[in-house]
Amino acid sequence: MSKKSYILALFNDFEAAARAIAALRESSLKGFKMRDVTLKSPIDHPECAAELGPRPVYIQIFSLIGALLGSSLGFLAISSAQANFLRQPRGGFPIVPVPPNMVITYELFILTAVFFTIISCYVVFTLHHQKNVLYNAAISVDKIGILVKAEPEAIAGLKDIFNRHHALEISEC
Amino acid sequence: MNIHNEEQEVATEPRFVIKPKDINDEISWAQINEDVLRSLERPRALYWVIFFASLGLFCWGVYCEIYQYNTGLGVAALNNPQVWGLYIATFIFWIGMSHSGTLLSAILLIMHADWRKPIYRFAEAMTTFSLMTAGLFVLVHLGRVWQFYYVVAYPSERWTWPNFSSPLVWDATAIGSYLTTSVIFLYFGMIPDLAICRDKATGVRRLFYRVLSVGWKGTDWQWANFRVTYLTLACLLIPLAVSVHSIVATDFAVSQQPGWHTTSFPPYFVAGALYSGCAAIITLFIILRYTFRFEQYMTIPILEKLCKLTFAISMVWTYLNMIEYAAVWYGTDPVAKQTLIFRATGTYAGWWWAMNILGSVVPFTLTFKALRTHIPTMMVVSLLLNLGMWIERFMIVTPTFAHGYYPWTWNDHWWPNWVQIGIIAGSFGWFTMLFMLFCKIFPSVSMYEVKEMVYHRSQARKGAALLAASAPQPAKS
């Protein structure tokens, strides 16, 4: 199996990029898969990205796990710490006072959810990080890029499709 | 109504109402990058004036704190019954300031109010730095700074476990959580902009931005996860912000001191927090607009919206303030009622009336379009509103201590001395210095969100123009 190549095409606007993605999808070109096509843009454009197919996001599940873990472990940790002080005179007050513990539990519920959210997002960023892959600084200004990972024999066909859709610049590696 | 009349009405109805633009939607994306990145390079001279003035204030504050630390709290005129002085009042003030960042960035994000986009970044930074400033007062008011760990929930082998039933422990947890979340929220929202800085910067700055931008390339995967994460963080931040100031209010409300033992304190504190924060945003809006030449982004229509929001919140605060008075007036605690009368007629009456006038009457200037679109007037009004909200915190803390349950503790003529005033001034210097440094290192206007705003508005304009062209022309009479 030959080593895959990358090709990056820059477009002036989202409409042109969306048309190019639609053309890639409809083409009978062999040597690349739609899941290997990446849209790079200076702003979030879910409508254009939807042309690429489903991109599931699981961050909220991690937030929920973090919230549940934080609240349950937080409550348990505080309560068990208080229960350790059985020998301390409490003057008739409960050893584990539930209402005040709930306040701290509430804070930990949110804090742990935040940590899990940010860590899971960082993990996703790392998993999808394409190291030493084509990038153009114009994407962070005002251009829309389409990056395709493909077999070397598909590159010419991809270039043709991009040129037909008025790509401003095409680079490959 | 017959069909003929109905048709006529439809035909004469204006189809497309031209609203004033929040921002010029014809501005190019490259121009947005250029304008915002310029703020990291060449601010106006006023920037340096503010920066060095705040540095000077900060140094004065540090000197006063060192003096107080070495000599004891007595040099700050703190003694029974005035054990907190201005420190806790100013602590509440800074905690309050932090709320509007959350309001602008999280609440308005969820509500899809896109006018927040050019201004929410600095509001978030304000949140973070005001929380950091508030945290300092927890240390400062202790006097014995080294005993700070008593309020932190940690296991102690000396069996002096913190009292989990004390709101002070809740406070430490809540403020710690809020500060952590605010920093994460501020940083996370900046990642796409940090990538822009990375692409433009050179040398050490490039390395700095490259590390912070965590490999951001603007891919569809990154945007999809970014969108969801940012929204999730916003949803988590809102209840946290409300809980923080409610808990600060609970510090007072669960005590038996006259004037504090009121159930309306938590919402009253939250409303006051949002109010003072919004006023501070107007002040910083005007300063940044001039200092960094952000006239194209921090526009008059956005200032108007901010003013309207501030007015609405000021009325909520006014209502809750009156409710608090009513609860005390019609309550069964005669000492609390006496304390209220003392506030209005005693030694601090001038301050009490100033608070009510600045907090409830001055905001009516925001209802006049001519005034709220006049920048120098709004600068003065926003400063007055914040002064009013600072006095409000002073009026919560000081008269209660000066006129409590025991007449032998009364100290009607207490006034802070130069050490306290120096530390308070130092806190303002510390906040301003951090804020100005932030604006010089990080983009204080969100470039990618302004681009989104411009893009969506220009698309809407194009769509409206197409619709207008295809709509049947009204019949000429």
# chains A, B, ... in the order shown; residues from 1 in each chain; ligands from 1

$ interface_residues --of "chain A" --to "chain B" --cutoff "7 Å" --atoms "only C-alpha atoms" --output "list in words"
Thr38, Leu39, Lys40, Ser41, Pro42, Ile43, Asp44, Ala49, Arg55, Val57, Ile59, Pro100, Asn101, Val103, Ile104, Glu107, Ile110, Leu111, Val114, Thr117, Cys121, Phe125, His129, Ala137, Ser140, Val141 and Asp142 of chain A

$ select_by_dssp --residues "stretch 1-171 of chain A" --states "helix (DSSP H, G or I)" --output "MDAnalysis selection string"
chainID A and resid 14:26 46:50 59:83 98:127 137:140 152:164

$ residues_around --residues "stretch 164-168 of chain A" --least-positions-apart "6" --cutoff "9 Å" --atoms "only C-alpha atoms" --output "ChimeraX atom specification"
/A:9-12,16-17,19-20,23

$ residues_around --residues "B:Glu295" --least-positions-apart "3" --cutoff "12 Å" --atoms "only C-alpha atoms" --output "ChimeraX atom specification"
/B:22-24,32,35-36,118-119,285-292,298-303,375,445

$ select_by_dssp --residues "stretch 19-94 of chain A" --states "strand (DSSP E)" --output "ChimeraX atom specification"
/A:32-40

$ write_last_selection --atoms "C-alpha atoms" --output "PDB file, in the first residue's frame"
ATOM      1  CA  PHE A  32      -9.783   8.794  -0.978  1.00  0.00           C
ATOM      2  CA  LYS A  33     -12.656   8.593   1.485  1.00  0.00           C
ATOM      3  CA  MET A  34     -15.011  11.346   2.532  1.00  0.00           C
ATOM      4  CA  ARG A  35     -13.990  10.860   6.135  1.00  0.00           C
ATOM      5  CA  ASP A  36     -10.475  11.888   5.119  1.00  0.00           C
ATOM      6  CA  VAL A  37     -11.713  15.224   3.835  1.00  0.00           C
ATOM      7  CA  THR A  38     -11.294  18.089   6.288  1.00  0.00           C
ATOM      8  CA  LEU A  39     -12.706  21.579   6.092  1.00  0.00           C
ATOM      9  CA  LYS A  40     -10.525  24.331   7.546  1.00  0.00           C
TER      10      LYS A  40
END

$ closest_residue --among "B:Val204, B:Leu55, B:Leu108, B:Lys308" --to "B:Phe368" --atoms "only C-alpha atoms"
B:Lys308

$ residues_around --residues "A:Leu108" --least-positions-apart "4" --cutoff "7 Å" --atoms "only C-alpha atoms" --output "VMD selection string"
chain A and resid 70 to 71 74 104 112

$ write_last_selection --atoms "C-alpha atoms" --output "mmCIF file, in the first residue's frame"
data_model
loop_
_atom_site.group_PDB
_atom_site.id
_atom_site.type_symbol
_atom_site.label_atom_id
_atom_site.label_comp_id
_atom_site.auth_asym_id
_atom_site.auth_seq_id
_atom_site.Cartn_x
_atom_site.Cartn_y
_atom_site.Cartn_z
ATOM 1 C CA GLY A 70 -17.589 15.145 41.231
ATOM 2 C CA SER A 71 -20.838 15.383 43.107
ATOM 3 C CA GLY A 74 -17.246 15.127 46.694
ATOM 4 C CA ILE A 104 -19.907 22.154 48.590
ATOM 5 C CA THR A 112 -15.474 18.508 38.038
#

$ atom_distance --atom1 "atom CA of A:Leu69" --atom2 "atom CA of A:Ile95"
23.1 Å

$ residues_around --residues "B:Asp25" --least-positions-apart "5" --cutoff "7 Å" --atoms "only C-alpha atoms" --output "ChimeraX atom specification"
/B:454,457-458

$ residues_around --residues "B:Phe51" --least-positions-apart "3" --cutoff "6 Å" --atoms "only C-alpha atoms" --output "PyMOL selection string"
chain B and resi 48+54+433

$ write_last_selection --atoms "C-alpha atoms" --output "short mmCIF file (atom, residue, chain, number, x, y, z; two decimals), in the first residue's frame"
data_model
loop_
_atom_site.label_atom_id
_atom_site.label_comp_id
_atom_site.auth_asym_id
_atom_site.auth_seq_id
_atom_site.Cartn_x
_atom_site.Cartn_y
_atom_site.Cartn_z
CA TRP B 48 0.69 53.74 29.08
CA SER B 54 -2.30 51.71 38.04
CA MET B 433 -2.71 46.78 35.72
#
